[in-house]
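Undergrad: Contents of final07.csv (CSV, C-alpha atoms):
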chain,number,residue,atom,x,y,z
S,1,MET,CA,-41.5,195.7,153.3
S,2,LYS,CA,-44.0,198.5,152.8
S,3,THR,CA,-47.5,197.9,151.4
S,4,LEU,CA,-50.0,200.1,149.6
S,5,ARG,CA,-53.4,201.3,150.7
S,6,THR,CA,-55.2,202.9,147.8
S,7,PHE,CA,-52.5,202.8,145.1
S,8,LEU,CA,-49.6,204.5,146.7
S,9,LEU,CA,-47.7,204.9,150.0
S,10,THR,CA,-45.3,207.1,151.7
S,11,ALA,CA,-42.5,207.4,149.1
S,12,ILE,CA,-44.8,208.6,146.3
S,13,VAL,CA,-45.6,212.2,147.4
S,14,PRO,CA,-41.9,213.1,148.0
S,15,ALA,CA,-41.1,211.6,144.7
S,16,ILE,CA,-43.6,213.9,142.9
S,17,VAL,CA,-42.9,217.0,144.9
S,18,PHE,CA,-39.1,216.9,144.8
S,19,SER,CA,-38.5,215.3,141.4
S,20,PRO,CA,-38.7,217.5,138.3
S,21,VAL,CA,-41.6,215.8,136.5
S,22,SER,CA,-40.8,217.9,133.4
S,23,LYS,CA,-38.0,215.5,132.7
S,24,ALA,CA,-40.5,212.7,132.2
S,25,GLN,CA,-41.4,212.7,128.5
S,26,LEU,CA,-44.5,210.9,127.1
S,27,SER,CA,-44.1,208.7,124.1
S,28,SER,CA,-44.9,210.3,120.7
S,29,ASN,CA,-48.4,208.7,120.6
S,30,ALA,CA,-49.4,210.2,124.0
S,31,HIS,CA,-50.5,213.9,124.4
S,32,VAL,CA,-51.7,215.9,127.4
S,33,TRP,CA,-55.3,216.8,126.7
S,34,VAL,CA,-56.4,218.3,130.0
S,35,SER,CA,-54.4,219.7,132.9
S,36,GLY,CA,-54.9,221.3,136.3
S,37,LEU,CA,-56.9,218.4,137.9
S,38,ASN,CA,-56.9,217.5,141.6
S,39,GLY,CA,-55.8,213.9,141.7
S,40,PRO,CA,-57.7,212.4,138.7
S,41,ARG,CA,-58.6,208.8,139.4
S,42,GLY,CA,-61.4,206.7,137.7
S,43,LEU,CA,-62.9,208.0,134.4
S,44,ARG,CA,-65.8,207.1,132.2
S,45,PHE,CA,-67.5,208.4,129.1
S,46,GLY,CA,-71.1,209.3,129.8
S,47,PRO,CA,-74.2,209.0,127.7
S,48,ASP,CA,-73.8,212.6,126.5
S,49,GLY,CA,-70.4,211.7,125.0
S,50,SER,CA,-68.4,213.7,127.6
S,51,LEU,CA,-65.6,212.3,129.7
S,52,TYR,CA,-66.4,212.2,133.5
S,53,VAL,CA,-63.4,212.2,135.9
S,54,ALA,CA,-63.3,211.3,139.6
S,55,GLU,CA,-60.9,213.7,141.4
S,56,ALA,CA,-59.5,212.9,144.9
S,57,GLY,CA,-59.4,216.5,145.9
S,58,ALA,CA,-57.2,218.3,148.4
S,59,GLY,CA,-58.0,216.6,151.7
S,60,GLY,CA,-58.9,218.7,154.7
S,61,THR,CA,-58.2,219.6,158.3
S,62,ILE,CA,-60.9,217.7,160.2
S,63,SER,CA,-59.7,215.2,162.8
S,64,THR,CA,-61.8,212.4,164.3
S,65,GLN,CA,-59.2,211.2,166.8
S,66,GLY,CA,-60.9,210.0,169.9
S,67,LYS,CA,-64.2,209.3,168.0
S,68,CYS,CA,-63.3,206.1,166.3
S,69,VAL,CA,-60.5,203.7,165.4
S,70,GLN,CA,-57.8,205.5,163.5
S,71,VAL,CA,-55.3,204.3,160.9
S,72,ILE,CA,-52.0,203.6,162.7
S,73,PRO,CA,-48.9,205.7,162.1
S,74,PRO,CA,-47.0,206.4,160.0
S,75,VAL,CA,-49.8,206.5,157.4
S,76,GLY,CA,-52.5,207.7,159.9
S,77,PRO,CA,-54.1,209.5,161.4
S,78,TYR,CA,-56.0,211.1,158.6
S,79,LEU,CA,-57.5,214.6,158.2
S,80,GLY,CA,-60.7,214.9,156.3
S,81,GLY,CA,-62.5,217.5,154.3
S,82,MET,CA,-65.1,217.9,151.5
S,83,THR,CA,-62.9,218.8,148.6
S,84,SER,CA,-63.3,215.9,146.2
S,85,ARG,CA,-65.3,216.3,143.0
S,86,ILE,CA,-66.5,214.8,139.7
S,87,SER,CA,-65.6,216.8,136.6
S,88,LYS,CA,-66.9,216.6,133.0
S,89,ILE,CA,-64.6,217.2,130.1
S,90,ASP,CA,-66.3,218.2,126.8
S,91,GLN,CA,-64.9,217.2,123.3
S,92,HIS,CA,-62.8,220.4,123.3
S,93,GLY,CA,-61.1,219.6,126.6
S,94,ASN,CA,-63.1,222.1,128.6
S,95,ARG,CA,-63.7,221.1,132.3
S,96,THR,CA,-66.8,221.8,134.3
S,97,THR,CA,-67.8,220.5,137.7
S,98,VAL,CA,-70.6,218.0,137.8
S,99,ALA,CA,-70.7,217.5,141.6
S,100,SER,CA,-68.5,218.7,144.4
S,101,GLY,CA,-68.2,218.5,148.1
S,102,PHE,CA,-67.4,214.8,148.3
S,103,PRO,CA,-65.3,213.5,151.2
S,104,SER,CA,-61.6,213.8,150.7
S,105,THR,CA,-58.8,212.8,153.1
S,106,THR,CA,-55.1,213.4,153.6
S,107,ALA,CA,-52.9,210.8,155.2
S,108,ALA,CA,-50.2,211.7,157.6
S,109,VAL,CA,-47.7,210.9,154.9
S,110,GLY,CA,-49.5,213.1,152.4
S,111,ASP,CA,-51.5,210.6,150.3
S,112,LEU,CA,-54.9,211.9,149.1
S,113,SER,CA,-58.1,210.0,148.6
S,114,GLY,CA,-61.6,211.0,147.6
S,115,VAL,CA,-63.9,209.8,144.9
S,116,ALA,CA,-62.1,206.8,143.5
S,117,ASP,CA,-64.2,205.7,140.5
S,118,ILE,CA,-67.4,206.4,138.7
S,119,ALA,CA,-69.8,204.4,136.5
S,120,PHE,CA,-73.0,204.9,134.5
S,121,VAL,CA,-75.9,202.4,134.9
S,122,ASP,CA,-79.0,203.0,132.8
S,123,GLY,CA,-78.0,206.6,132.4
S,124,SER,CA,-77.5,207.3,136.1
S,125,LEU,CA,-74.1,208.3,137.5
S,126,TYR,CA,-72.6,206.5,140.5
S,127,ALA,CA,-69.6,207.4,142.5
S,128,LEU,CA,-67.4,205.1,144.6
S,129,THR,CA,-65.5,206.8,147.4
S,130,ALA,CA,-62.2,206.0,149.1
S,131,GLY,CA,-61.6,209.1,151.2
S,132,ALA,CA,-64.7,208.9,153.5
S,133,GLY,CA,-65.4,207.2,156.8
S,134,CYS,CA,-64.6,208.1,160.4
S,135,SER,CA,-61.1,206.7,160.2
S,136,HIS,CA,-60.4,209.2,157.3
S,137,GLY,CA,-61.7,212.2,159.2
S,138,GLY,CA,-65.1,212.1,157.6
S,139,ALA,CA,-68.7,212.3,158.7
S,140,LEU,CA,-70.0,210.3,155.7
S,141,PRO,CA,-69.1,206.6,155.1
S,142,ASN,CA,-67.2,205.2,152.2
S,143,GLY,CA,-69.8,204.0,149.9
S,144,LEU,CA,-71.6,204.0,146.5
S,145,TYR,CA,-73.4,207.2,145.9
S,146,ARG,CA,-75.9,208.1,143.2
S,147,VAL,CA,-75.1,211.5,141.6
S,148,ASN,CA,-77.7,213.9,140.2
S,149,ARG,CA,-76.0,215.4,137.1
S,150,THR,CA,-78.5,218.2,136.9
S,151,ASN,CA,-78.0,219.8,140.3
S,152,GLY,CA,-74.8,218.1,141.6
S,153,SER,CA,-76.4,216.5,144.6
S,154,TYR,CA,-75.6,213.0,145.7
S,155,LYS,CA,-77.2,210.3,147.8
S,156,LEU,CA,-75.8,207.3,149.6
S,157,VAL,CA,-76.8,204.0,148.0
S,158,ALA,CA,-74.6,201.5,149.8
S,159,ASN,CA,-72.7,202.0,153.1
S,160,LEU,CA,-69.4,200.2,152.3
S,161,SER,CA,-67.6,201.3,155.5
S,162,GLU,CA,-70.2,199.4,157.5
S,163,PHE,CA,-70.2,196.4,155.2
S,164,LEU,CA,-66.5,196.0,155.4
S,165,GLN,CA,-66.6,196.0,159.2
S,166,GLU,CA,-69.4,193.4,159.2
S,167,HIS,CA,-67.7,191.2,156.6
S,168,PRO,CA,-64.0,190.9,157.4
S,169,VAL,CA,-61.7,189.0,155.1
S,170,ARG,CA,-59.9,185.9,156.1
S,171,TYR,CA,-56.4,187.3,156.2
S,172,PRO,CA,-56.4,191.1,156.9
S,173,ASN,CA,-53.0,192.7,157.1
S,174,VAL,CA,-52.9,194.1,160.6
S,175,ALA,CA,-49.9,196.3,160.1
S,176,ASP,CA,-51.5,197.9,157.0
S,177,PHE,CA,-55.2,198.1,157.8
S,178,GLU,CA,-57.8,200.7,156.9
S,179,PRO,CA,-61.1,200.3,159.0
S,180,ASP,CA,-63.2,202.1,156.3
S,181,GLY,CA,-61.3,200.6,153.4
S,182,THR,CA,-59.7,202.4,150.4
S,183,PHE,CA,-61.9,201.5,147.4
S,184,TYR,CA,-60.2,201.8,144.1
S,185,SER,CA,-62.3,200.8,141.1
S,186,MET,CA,-65.6,199.3,140.0
S,187,ALA,CA,-67.2,197.7,137.0
S,188,GLU,CA,-70.7,197.0,135.9
S,189,PHE,CA,-71.3,193.2,135.5
S,190,GLU,CA,-74.6,191.4,135.2
S,191,HIS,CA,-76.6,194.5,136.2
S,192,ARG,CA,-74.6,195.1,139.3
S,193,LEU,CA,-71.5,197.1,140.3
S,194,TYR,CA,-68.5,195.2,141.4
S,195,ALA,CA,-66.2,197.3,143.7
S,196,VAL,CA,-62.6,196.4,144.5
S,197,GLU,CA,-61.2,197.2,148.0
S,198,PRO,CA,-57.3,196.8,147.9
S,199,ASN,CA,-56.4,197.1,151.5
S,200,HIS,CA,-58.6,194.3,152.8
S,201,GLY,CA,-58.5,192.4,149.5
S,202,GLN,CA,-62.2,192.0,148.7
S,203,ILE,CA,-64.7,192.4,145.9
S,204,ILE,CA,-68.2,193.6,146.8
S,205,SER,CA,-71.1,193.3,144.5
S,206,ILE,CA,-73.7,196.1,144.8
S,207,SER,CA,-77.1,196.5,143.2
S,208,THR,CA,-78.4,199.9,142.3
S,209,ASP,CA,-80.9,199.8,145.2
S,210,GLY,CA,-78.0,199.2,147.7
S,211,GLU,CA,-78.1,195.4,148.2
S,212,MET,CA,-74.5,194.3,148.9
S,213,ARG,CA,-72.7,190.9,148.7
S,214,SER,CA,-69.1,189.9,149.4
S,215,VAL,CA,-68.3,187.9,146.3
S,216,LEU,CA,-64.6,187.3,146.5
S,217,ASP,CA,-62.1,187.3,149.4
S,218,VAL,CA,-58.9,187.8,147.5
S,219,SER,CA,-56.9,187.5,150.7
S,220,ALA,CA,-58.1,184.0,151.3
S,221,SER,CA,-56.3,182.5,148.3
S,222,GLU,CA,-53.8,185.2,147.2
S,223,GLY,CA,-52.8,186.9,150.3
S,224,HIS,CA,-52.1,190.7,150.5
S,225,ILE,CA,-51.6,191.3,146.8
S,226,VAL,CA,-53.4,194.7,146.8
S,227,PRO,CA,-56.1,194.2,144.1
S,228,THR,CA,-56.8,197.4,142.2
S,229,ALA,CA,-58.3,197.6,138.8
S,230,ILE,CA,-61.3,195.6,137.5
S,231,VAL,CA,-63.1,195.5,134.1
S,232,ALA,CA,-65.9,193.3,132.7
S,233,HIS,CA,-65.6,191.7,129.2
S,234,ASP,CA,-67.4,189.0,127.4
S,235,GLY,CA,-69.1,187.5,130.5
S,236,GLN,CA,-66.0,187.6,132.8
S,237,LEU,CA,-64.3,190.0,135.1
S,238,TYR,CA,-60.6,190.8,134.9
S,239,LEU,CA,-58.7,192.0,138.0
S,240,GLY,CA,-55.3,193.5,138.2
S,241,ASN,CA,-53.2,193.9,141.3
S,242,LEU,CA,-50.6,196.5,142.5
S,243,ASN,CA,-48.6,194.2,144.8
S,244,LEU,CA,-46.3,195.4,147.5
S,245,PHE,CA,-43.6,198.0,147.7
S,246,PRO,CA,-40.7,198.0,146.9
S,247,ILE,CA,-41.8,197.2,143.4
S,248,VAL,CA,-40.6,194.0,141.8
S,249,PRO,CA,-41.0,194.3,138.0
S,250,THR,CA,-43.3,191.7,136.3
S,251,SER,CA,-44.6,190.5,139.7
S,252,SER,CA,-48.2,191.7,139.2
S,253,ARG,CA,-50.9,189.7,137.5
S,254,ILE,CA,-54.2,189.8,135.7
S,255,LEU,CA,-56.8,187.4,137.3
S,256,THR,CA,-59.7,186.2,135.2
S,257,LEU,CA,-62.8,185.8,137.4
S,258,GLY,CA,-66.1,184.0,136.8
S,259,ASN,CA,-69.3,183.1,138.6
S,260,SER,CA,-69.0,180.2,141.0
S,261,GLU,CA,-71.4,177.7,142.5
S,262,CYS,CA,-68.7,176.8,144.9
S,263,SER,CA,-69.1,177.4,148.6
S,264,LYS,CA,-67.5,179.7,151.1
S,265,ALA,CA,-64.1,178.2,150.3
S,266,SER,CA,-63.7,180.9,147.6
S,267,SER,CA,-65.1,183.7,149.6
S,268,PRO,CA,-65.4,182.8,153.4
S,269,GLY,CA,-67.2,186.0,154.3
S,270,LEU,CA,-70.3,184.9,152.4
S,271,ASP,CA,-73.5,183.6,154.0
S,272,ASP,CA,-74.6,180.2,152.9
S,273,ASP,CA,-77.5,181.5,150.8
S,274,ASP,CA,-75.1,184.0,149.0
S,275,SER,CA,-72.5,181.5,147.9
S,276,PRO,CA,-74.0,180.9,144.4
S,277,HIS,CA,-73.3,184.5,143.7
S,278,SER,CA,-69.6,184.3,144.5
S,279,LEU,CA,-66.7,184.7,142.1
S,280,HIS,CA,-63.7,182.4,141.7
S,281,ILE,CA,-60.4,182.8,139.9
S,282,LEU,CA,-60.4,181.0,136.5
S,283,ASN,CA,-56.9,181.7,135.5
S,284,SER,CA,-54.0,184.1,136.0
S,285,LYS,CA,-51.5,185.9,133.7
S,286,ALA,CA,-48.3,187.1,135.1
S,287,GLY,CA,-45.7,189.6,133.8
S,288,PHE,CA,-47.2,192.9,134.7
S,289,THR,CA,-45.9,195.6,137.1
S,290,SER,CA,-47.9,197.6,139.7
S,291,VAL,CA,-51.2,197.5,137.8
S,292,THR,CA,-53.6,200.5,138.3
S,293,GLY,CA,-55.9,200.1,135.2
S,294,VAL,CA,-57.3,197.4,132.9
S,295,ALA,CA,-59.4,197.9,129.8
S,296,PHE,CA,-60.3,196.1,126.6
S,297,GLY,CA,-59.6,198.1,123.4
S,298,PRO,CA,-61.7,198.3,120.2
S,299,ASP,CA,-59.3,195.6,118.8
S,300,GLY,CA,-60.5,193.2,121.5
S,301,LEU,CA,-57.1,193.1,123.2
S,302,LEU,CA,-56.4,193.6,126.9
S,303,TYR,CA,-54.7,196.9,127.9
S,304,VAL,CA,-53.0,197.3,131.2
S,305,LEU,CA,-51.9,200.5,132.9
S,306,GLU,CA,-48.8,200.2,135.1
S,307,LEU,CA,-48.0,202.8,137.8
S,308,SER,CA,-44.3,202.4,137.5
S,309,ASP,CA,-42.2,199.5,136.0
S,310,ALA,CA,-39.0,200.5,137.7
S,311,PRO,CA,-37.8,198.5,140.7
S,312,GLY,CA,-38.0,200.1,144.1
S,313,TYR,CA,-40.5,202.9,144.5
S,314,PRO,CA,-42.6,204.7,141.9
S,315,THR,CA,-40.4,206.7,139.5
S,316,PRO,CA,-41.6,209.7,137.5
S,317,GLY,CA,-41.8,208.8,133.9
S,318,ALA,CA,-41.7,205.0,134.5
S,319,GLY,CA,-45.5,204.5,134.2
S,320,LYS,CA,-46.8,202.9,130.9
S,321,VAL,CA,-49.6,201.3,129.1
S,322,VAL,CA,-49.0,197.7,127.8
S,323,ARG,CA,-51.2,195.3,125.9
S,324,VAL,CA,-51.5,191.5,125.6
S,325,ASN,CA,-51.2,190.5,122.0
S,326,ARG,CA,-53.2,187.5,120.6
S,327,ASN,CA,-50.2,185.3,121.0
S,328,GLY,CA,-50.0,186.2,124.7
S,329,ALA,CA,-47.0,188.4,124.4
S,330,ILE,CA,-47.0,191.7,126.4
S,331,GLU,CA,-45.9,194.8,124.5
S,332,ASP,CA,-45.5,198.5,125.3
S,333,VAL,CA,-48.2,200.8,123.9
S,334,ALA,CA,-47.3,204.2,125.5
S,335,THR,CA,-44.6,205.2,128.0
S,336,GLY,CA,-43.4,208.2,130.0
S,337,PHE,CA,-46.4,208.5,132.5
S,338,THR,CA,-45.9,209.6,136.1
S,339,VAL,CA,-48.0,207.8,138.7
S,340,PRO,CA,-51.0,207.1,136.3
S,341,THR,CA,-54.0,205.9,138.1
S,342,ALA,CA,-56.8,204.9,135.7
S,343,MET,CA,-57.7,204.6,132.0
S,344,THR,CA,-60.7,204.2,129.7
S,345,PHE,CA,-61.4,204.0,126.0
S,346,GLY,CA,-63.4,206.7,124.3
S,347,PRO,CA,-66.1,206.2,121.6
S,348,ASP,CA,-63.5,207.1,119.0
S,349,GLY,CA,-61.2,204.3,120.1
S,350,THR,CA,-58.7,206.7,121.7
S,351,LEU,CA,-57.3,205.7,125.1
S,352,TYR,CA,-57.6,208.2,127.9
S,353,VAL,CA,-55.3,208.0,131.0
S,354,SER,CA,-55.4,209.8,134.4
S,355,ASN,CA,-51.8,210.9,134.7
S,356,LEU,CA,-50.2,212.4,137.8
S,357,GLY,CA,-53.1,211.0,139.7
S,358,ALA,CA,-51.1,210.9,142.9
S,359,ALA,CA,-49.5,214.3,142.6
S,360,PRO,CA,-50.4,217.4,144.6
S,361,PRO,CA,-53.7,219.1,143.7
S,362,GLY,CA,-53.6,221.0,140.4
S,363,ALA,CA,-51.0,218.8,138.8
S,364,GLY,CA,-53.3,216.1,137.5
S,365,GLN,CA,-53.7,215.5,133.7
S,366,ILE,CA,-55.8,213.5,131.3
S,367,VAL,CA,-53.6,212.1,128.5
S,368,ARG,CA,-54.9,210.9,125.2
S,369,VAL,CA,-53.1,207.9,123.6
S,370,ASP,CA,-53.3,206.7,120.0
S,371,ILE,CA,-53.1,202.9,120.3
S,372,HIS,CA,-52.5,202.3,116.5
Take the structure in the file and write it out as structure tokens.
TA:
Amino acid sequence: MKTLRTFLLTAIVPAIVFSPVSKAQLSSNAHVWVSGLNGPRGLRFGPDGSLYVAEAGAGGTISTQGKCVQVIPPVGPYLGGMTSRISKIDQHGNRTTVASGFPSTTAAVGDLSGVADIAFVDGSLYALTAGAGCSHGGALPNGLYRVNRTNGSYKLVANLSEFLQEHPVRYPNVADFEPDGTFYSMAEFEHRLYAVEPNHGQIISISTDGEMRSVLDVSASEGHIVPTAIVAHDGQLYLGNLNLFPIVPTSSRILTLGNSECSKASSPGLDDDDSPHSLHILNSKAGFTSVTGVAFGPDGLLYVLELSDAPGYPTPGAGKVVRVNRNGAIEDVATGFTVPTAMTFGPDGTLYVSNLGAAPPGAGQIVRVDIH
């Protein structure tokens, strides 16, 4: 059984390259708004009302073999470059570059990683990277970076590559292991950013001045479920998981997380004096498939983005958005997506989805969805 690192594995790139994605038709309430993006991942609306998009980039040609521990074949070794960027989309759908030259990496099987997610805290833009670190062919570490929106420069706030290596999870998957991690998403919660690392199975809390805490070792209680998307809502965090490949429909879950006074049993990587800051799993809702995004809509309902709901490996056109109704039932909202990777609601209540987020550079889209 194959597992996933960031959000995909070996079968995805061939599926996108050799399958005619034009056959995949979005549902009538979903429309392509922006195209031509390079692996769109996390996206957020900024204080200026524009949509900011993390783009994985195009990888590179730099090898670090012989310099550090590499990701084992067939996924590794990786080749790195500085081709990832953050884009800004105005209300008319016009794209401009906010910051470029972020680390990007190409796996031996073709998977691309770069800036994974973005967030705004007190008006400042922060970027979470997945395509950095020596094991990805990079000179910079995976980390949280503060981005200057005026001149496009960025500065390391928290070295997450180093933190992962110093705070191992209880049950790492040796056959599917990334030394620098493959961070996927983050959410602001109680004045900190909570970053999710799927490969190790860990959530790390980060202050804006760079102080880091391991707050939940997902592997300790759940095993290698590949946690991906996280969102904060009404004093709690909600975490979705991708699960393993081949895909088994309805096998993914949404975990509700809360603060815990419990000890290292819920997060064994914590120091004794950090345990009051840990998270624990309050409850779990099953019935989802390959989760890559979670968000709460203006109606107060939970919306979930699914990479592909078809059994086996990701299928073009099989991605969709679902929501949990007030009676707990799960219903389709929009269908026809191809390897969608993230979503966010806009100020107008429209849902925005990163579509073709795992396709070759230039194929990525932002799709607008009317949820009514």
Undergrad: Once you count only C-alpha atoms, what closest atom pair and distance in Å to one decimal does each residue of region 151-199 of chain S within 12 Å of region 294-305 of chain S have, with rows by chain and rising residue number, as JSON lines?
TA:
{"residue": "S:Ser185", "atom": "CA", "partner": "S:Val294", "partner_atom": "CA", "distance": 10.2}
{"residue": "S:Met186", "atom": "CA", "partner": "S:Val294", "partner_atom": "CA", "distance": 11.1}
{"residue": "S:Ala187", "atom": "CA", "partner": "S:Ala295", "partner_atom": "CA", "distance": 10.6}
Undergrad: Could you pull the residues within 6 Å of region 168-182 of chain S, counting all atoms listed in the file, minus those fewer than 5 positions along the same chain, as a list in words?
TA: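 Contacts, in chain order: Thr6, Val71, Ala130, Gly133, Ser161, Glu197, His200, Asp217, Ser219 and Ala220 of chain S.
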Undergrad: List the neighbours of Gly60 (chain S) out to 10 Å using all atoms listed in the file; skip same-chain residues closer than 5 positions along the sequence, and give me the result as a count of residues only.
TA: 16
Undergrad: For Asp48 (chain S), please output as a VMD selection string all residues within 12 Å (counting only C-alpha atoms; exclusion window: fewer than 6 positions along the same chain).
TA: chain S and resid 88 to 91 120 123 to 125 149 347
Undergrad: Restricting the calculation to all atoms listed in the file: of S:Ile247, S:Ile366, S:Val75, S:Ala329, which residue gets closest to Ala286 (chain S)?
TA: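 Counting all atoms listed in the file, the residue closest to Ala286 (chain S) is S:Ala329.
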Undergrad: Between CA of Pro249 (chain S) and CA of Gly346 (chain S), what is the distance in Å, rounded to a tenth?
TA: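 That distance, rounded to one decimal, is 29.0 Å.
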Undergrad: One number please: CA of Glu222 (chain S) to CA of Pro73 (chain S), in Å, one decimal.
TA: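 Interatomic distance, CA of Glu222 (chain S) to CA of Pro73 (chain S): 25.8 Å.
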Undergrad: For region 32-34 of chain S, please output as a PyMOL selection string all residues within 8 Å (counting only C-alpha atoms; exclusion window: fewer than 2 positions along the same chain).
TA: chain S and resi 30+36-37+93-94+365-368
Undergrad: Which one is closest to Lys67 (chain S): S:Ala139, S:Gly114, S:Phe288, S:Leu239? Count only C-alpha atoms.
TA: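 Using only C-alpha atoms, Lys67 (chain S) sits closest to S:Ala139.
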Undergrad: Would you work out the distance separating CA of Gly46 (chain S) from CA of Gly362 (chain S), expressed in Å to one decimal?
TA: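 Going from CA of Gly46 (chain S) over to CA of Gly362 (chain S), I get 23.6 Å.
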Undergrad: With distances taken over all atoms listed in the file, which of S:Val115, S:Ile254, S:Leu356, S:Leu164 is nearest to Ser214 (chain S)?
TA: S:Leu164
Undergrad: Please produce region 34-55 of chain S, completed to N, CA and C atoms, as an mmCIF file, keeping the file's coordinate frame.
TA:
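That gives us rebuild39.cif:
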data_model
loop_
_atom_site.group_PDB
_atom_site.id
_atom_site.type_symbol
_atom_site.label_atom_id
_atom_site.label_comp_id
_atom_site.auth_asym_id
_atom_site.auth_seq_id
_atom_site.Cartn_x
_atom_site.Cartn_y
_atom_site.Cartn_z
ATOM 1 N N VAL S 34 -55.899 217.483 128.985
ATOM 2 C CA VAL S 34 -56.400 218.300 130.000
ATOM 3 C C VAL S 34 -55.430 218.379 131.181
ATOM 4 N N SER S 35 -55.264 219.521 131.794
ATOM 5 C CA SER S 35 -54.400 219.700 132.900
ATOM 6 C C SER S 35 -55.063 220.426 134.048
ATOM 7 N N GLY S 36 -54.392 220.549 135.192
ATOM 8 C CA GLY S 36 -54.900 221.300 136.300
ATOM 9 C C GLY S 36 -55.923 220.564 137.173
ATOM 10 N N LEU S 37 -55.929 219.232 137.116
ATOM 11 C CA LEU S 37 -56.900 218.400 137.900
ATOM 12 C C LEU S 37 -56.333 218.095 139.274
ATOM 13 N N ASN S 38 -57.255 217.774 140.185
ATOM 14 C CA ASN S 38 -56.900 217.500 141.600
ATOM 15 C C ASN S 38 -56.928 216.002 141.881
ATOM 16 N N GLY S 39 -55.879 215.308 141.458
ATOM 17 C CA GLY S 39 -55.800 213.900 141.700
ATOM 18 C C GLY S 39 -56.798 213.088 140.887
ATOM 19 N N PRO S 40 -56.710 213.122 139.551
ATOM 20 C CA PRO S 40 -57.700 212.400 138.700
ATOM 21 C C PRO S 40 -57.523 210.863 138.947
ATOM 22 N N ARG S 41 -58.640 210.210 139.134
ATOM 23 C CA ARG S 41 -58.600 208.800 139.400
ATOM 24 C C ARG S 41 -59.509 208.105 138.280
ATOM 25 N N GLY S 42 -60.567 207.391 138.649
ATOM 26 C CA GLY S 42 -61.400 206.700 137.700
ATOM 27 C C GLY S 42 -62.037 207.651 136.691
ATOM 28 N N LEU S 43 -62.252 207.197 135.450
ATOM 29 C CA LEU S 43 -62.900 208.000 134.400
ATOM 30 C C LEU S 43 -63.691 207.184 133.492
ATOM 31 N N ARG S 44 -64.816 207.756 133.031
ATOM 32 C CA ARG S 44 -65.800 207.100 132.200
ATOM 33 C C ARG S 44 -66.405 208.066 131.203
ATOM 34 N N PHE S 45 -66.724 207.594 130.017
ATOM 35 C CA PHE S 45 -67.500 208.400 129.100
ATOM 36 C C PHE S 45 -68.990 208.247 129.444
ATOM 37 N N GLY S 46 -69.704 209.357 129.486
ATOM 38 C CA GLY S 46 -71.100 209.300 129.800
ATOM 39 C C GLY S 46 -71.990 209.212 128.595
ATOM 40 N N PRO S 47 -73.296 209.066 128.793
ATOM 41 C CA PRO S 47 -74.200 209.000 127.700
ATOM 42 C C PRO S 47 -74.285 210.196 126.801
ATOM 43 N N ASP S 48 -73.800 211.321 127.321
ATOM 44 C CA ASP S 48 -73.800 212.600 126.500
ATOM 45 C C ASP S 48 -72.503 212.714 125.718
ATOM 46 N N GLY S 49 -71.617 211.709 125.784
ATOM 47 C CA GLY S 49 -70.400 211.700 125.000
ATOM 48 C C GLY S 49 -69.240 212.469 125.697
ATOM 49 N N SER S 50 -69.464 213.028 126.878
ATOM 50 C CA SER S 50 -68.400 213.700 127.600
ATOM 51 C C SER S 50 -67.649 212.733 128.502
ATOM 52 N N LEU S 51 -66.415 213.090 128.838
ATOM 53 C CA LEU S 51 -65.600 212.300 129.700
ATOM 54 C C LEU S 51 -65.807 212.764 131.159
ATOM 55 N N TYR S 52 -66.192 211.858 132.053
ATOM 56 C CA TYR S 52 -66.400 212.200 133.500
ATOM 57 C C TYR S 52 -65.183 211.645 134.250
ATOM 58 N N VAL S 53 -64.668 212.480 135.166
ATOM 59 C CA VAL S 53 -63.400 212.200 135.900
ATOM 60 C C VAL S 53 -63.649 212.299 137.392
ATOM 61 N N ALA S 54 -63.296 211.272 138.138
ATOM 62 C CA ALA S 54 -63.300 211.300 139.600
ATOM 63 C C ALA S 54 -61.983 212.016 140.034
ATOM 64 N N GLU S 55 -62.085 212.995 140.927
ATOM 65 C CA GLU S 55 -60.900 213.700 141.400
ATOM 66 C C GLU S 55 -60.810 213.546 142.943
#
